[in-house]
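Novice: First the structure, then my questions, so here it is.
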There are 2 protein chains.
Amino acid sequence: MKTPKTVVVGTMAFDSLETPFGKAERIVGGAATYIGLSASYYADGIQMVSVIGEDFPQEMMTDLEGRGLRLDGVEQREGEKSFFWSGRYHNDMNTRDTLDTQLNVLENFQPVVPDGDRDADFLMLGNLTPAVQMSVLEQMTNRPKLVVMDTMNFWMEVAMEELKAVLKKVDVLTINDEEARILSGEYSLVKAARKILTMGPKVLIIKKGEHGALLFNNKEVFFAPALPLEEVFDPTGAGDTFAGGFIGYLAASGDISFENMKRAIIYGSAMASFCVEKFGTERLQKLTKEEIDARVQQFIDLTQIEIAF
Amino acid sequence: MKTPKTVVVGTMAFDSLETPFGKAERIVGGAATYIGLSASYYADGIQMVSVIGEDFPQEMMTDLEGRGLRLDGVEQREGEKSFFWSGRYHNDMNTRDTLDTQLNVLENFQPVVPDGDRDADFLMLGNLTPAVQMSVLEQMTNRPKLVVMDTMNFWMEVAMEELKAVLKKVDVLTINDEEARILSGEYSLVKAARKILTMGPKVLIIKKGEHGALLFNNKEVFFAPALPLEEVFDPTGAGDTFAGGFIGYLAASGDISFENMKRAIIYGSAMASFCVEKFGTERLQKLTKEEIDARVQQFIDLTQIEIAF
C-alpha cells in the first residue's frame, strides 16, 4: 500500500547534550529529524520541510533519504549555520537546563511546502513558533485529513494568542503534563484535557515521559505506559520520536479512528523507548522491523490482562 | 467459597488532614483500617490485629464488624489514646508534610495474633516498626502461603538492619518509587527492583501514586495504571487501600500466581481510586459490587488494545 502523502515540518539542528551518562557535542538533532526518522519506519515518502545551514552533515541527509524521506522541502542556506541547542539533564532526566540556544537559520525560517505536497493527507507540525506553524497550514491547498501539532511551554509564555489561533486549526495536540496545566490553567489532567479539547483539537495527547502518555477525546481516555527501562541514556527527542511513530503509524494505516490512535500511541511509545537508549538519533537510524515488533509486544505484555467478572 | 484465613496487622488511628480541598479533624484512619476495609470487599472473616485507645469510635468498630472483619485481635487500652497523625498535602498531592505524630498506644504495641489465626494462609504486614512486623511473623505456627509487607522510608533511615531482616521473610513487598530508590541505592526502578528482589521478596510492587504501580518478579514486569481522576480529594490511605485490595483479591481467589497478581493490582488500584475521592475511609465504607466492577472495567478500557502484527 502506498502511504498517503505526509508532510513533517520542524527543526533539523545540532544539539550538545550532557546527561548523567556522558556528553555529546554537536550531534544531529531537531524535531523534524526525530519525527521523520521515527515515522519512516511506518510511512513511505514523507516530505520533510525544514531549514539547515551549510554545516549540516551530508551523511545525515543521505541517511534520511535512504530511509525514504523526501528532502526537497529542506532549505539549505549557504554561509549560514544550523539551529543549535545545548542542554544539561538532571539526575531524574525529567528536567533539564538549557545552556545555549543559537537560532541561526531558524531566525527567519519561512517554511515552503513543495507544490506537490500541498494537498497532503497528513501534516505534522513539529514544535516551532506558532506563526510559522500557521504559515504552513495556510500553504495547504486542501484541509489535510489529519493535522498533528506539537508545541511547548515557551510559546505559551511569549505567543499565547498566536498559539491559540493555530490550535483552532489542528486535530491532535501533543504536549507534556506541565504544558497541559499551563495551557488550561487546570491542575487535574482530566480537567485540563476537557478544557483544551474546547480550544480546537479533537484529540489531546499528554506526554508524561517515564510515566507514559494519555490520549483523550471528548468521550474517552486511553493510557499508554512507558516501558520501565534499565537506563534512560538521553531523553532528547523522545517526544518527537513518539509523535513521529504516532503519525507515521496513522498515515501508513490510513485509519484515524480513536481506536487506531490507541495503537498509534503504543507504536509511538515503542519508538520513544528506543530513542532514549543512546545519544541523539543513533538508535533510530538502524532499527529492524523485528526489533520494533518485539518492543511493541513488550508494551502489550506490560499492561494486558484478562479479567472475568 | 470460604476465604483462606487472612490476618492484617497495622495501625488503627486518628488522622487530621489538610488538602487543597479542605480539612478533616480527627477522622478514623490507620493502615489496618484502610487495608481491612478494602480487603473486606473480596475476602471474608479477615482477622485484624491492631491496638486502639479508649477514644476509638465504637461506630467504626461496628462498621468494620459489619463488613465481616474480625476484631478479636484488636487490643483496646483503657485510659490510653489511639495513635494520631496529622499532615498537610501540597498542591500536587504527591508530597505532604507531617504536622504532628502522637504515638500513644503505638509506643509499646505488641501485637498478638489470636491463637486460631496463627496458621493463617495470608498475612498482610501493614507499615509498622520492622521489629513489630517480625514479632508477628514469629507468632505464626505455619509459614503463611503468602506474606505481603508494606513499609516506608522512615524505617530505612532509623531501622534498616531490622527492616532487612523482615524482608528476608516476606513474599511481596509494597513500597513507593522513592522508597525503592532509597532501599536499593539505584535510581532506575528496573535496577532497583532487581536489587530488592535479591533481598528476600519474590515479588515487588512499586507504587507510583497518580502514575500507577509496577509489579516485578525476577522474570516479568507488569504495569497497572492509575485512573486519571478529575480530583484527588485526599490521598491518605490510598497505598493501604491498594494493598488491601491486592491481598483481599488474592486471598479470595486462593491463587498466588504472578498472572493472578496482575489482576490483583488492578483490583487494588481500583479500590485506591475510590479511596481518594473523599476524606478518609468514607468512600470505602459503602461501595457496591457494581461500582467496583464498573471501576475495574474502566481500568481495563484504559489500557487494553488489540494489535495484529
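By order of appearance in the C-alpha cells: chains A, B, ..., then residues from 1 within every chain, and ligands from 1 in the order shown.
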Which residues of chain A are close to chain B, meaning at most 9 Å apart when you count only C-alpha atoms, and how do they look as a count of residues only?
Specialist: 36
Novice: Which neighbours of Asp119 (chain B) fall inside 8 Å, counting only C-alpha atoms, when residues of the same chain fewer than 3 positions from it are skipped, and could you give them as a PyMOL selection string?
Specialist: chain B and resi 5+116+140-144
Novice: In Å, with one decimal, what is the gap from CA of Thr6 (chain B) to CA of Ile292 (chain B)?
Specialist: 21.4 Å
Novice: What is the CA of Asn218 (chain B) to CA of Asp171 (chain B) distance in Å?
Specialist: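 Taking CA of Asn218 (chain B) and CA of Asp171 (chain B), their separation equals 12.4 Å.
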Novice: Name all residues at most 8 Å from Met93 (chain A) (count only C-alpha atoms; drop same-chain ones fewer than 3 positions away) and give them as a list in words.
Specialist: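 What passes the distance filter is Thr19, Tyr89, His90, Arg96, Val232, Asp234 and Pro235 of chain A.
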Novice: Take the residues that were just selected and, keeping N, CA and C atoms, output them as a PDB file, in the first residue's frame.
Specialist:
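So the final result, stored in result-v3.pdb, reads:
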```pdb
ATOM      1  N   THR A  19      24.248  14.426  29.952  1.00  0.00           N
ATOM      2  CA  THR A  19      23.361  13.629  30.787  1.00  0.00           C
ATOM      3  C   THR A  19      24.220  13.017  31.884  1.00  0.00           C
ATOM      4  N   TYR A  89      20.805  17.585  31.370  1.00  0.00           N
ATOM      5  CA  TYR A  89      19.727  16.896  32.077  1.00  0.00           C
ATOM      6  C   TYR A  89      20.106  16.678  33.524  1.00  0.00           C
ATOM      7  N   HIS A  90      19.104  16.773  34.375  1.00  0.00           N
ATOM      8  CA  HIS A  90      19.305  16.479  35.789  1.00  0.00           C
ATOM      9  C   HIS A  90      19.227  14.970  35.982  1.00  0.00           C
ATOM     10  N   ARG A  96      15.527  19.597  32.676  1.00  0.00           N
ATOM     11  CA  ARG A  96      16.796  19.926  32.029  1.00  0.00           C
ATOM     12  C   ARG A  96      16.967  21.433  32.023  1.00  0.00           C
ATOM     13  N   VAL A 232      17.637   5.422  31.190  1.00  0.00           N
ATOM     14  CA  VAL A 232      17.297   6.387  30.158  1.00  0.00           C
ATOM     15  C   VAL A 232      18.596   7.129  29.900  1.00  0.00           C
ATOM     16  N   ASP A 234      19.557   9.165  27.181  1.00  0.00           N
ATOM     17  CA  ASP A 234      19.415  10.540  26.703  1.00  0.00           C
ATOM     18  C   ASP A 234      17.982  10.745  26.225  1.00  0.00           C
ATOM     19  N   PRO A 235      17.197  11.530  26.972  1.00  0.00           N
ATOM     20  CA  PRO A 235      15.780  11.705  26.607  1.00  0.00           C
ATOM     21  C   PRO A 235      15.545  12.664  25.443  1.00  0.00           C
TER      22      PRO A 235
END
```
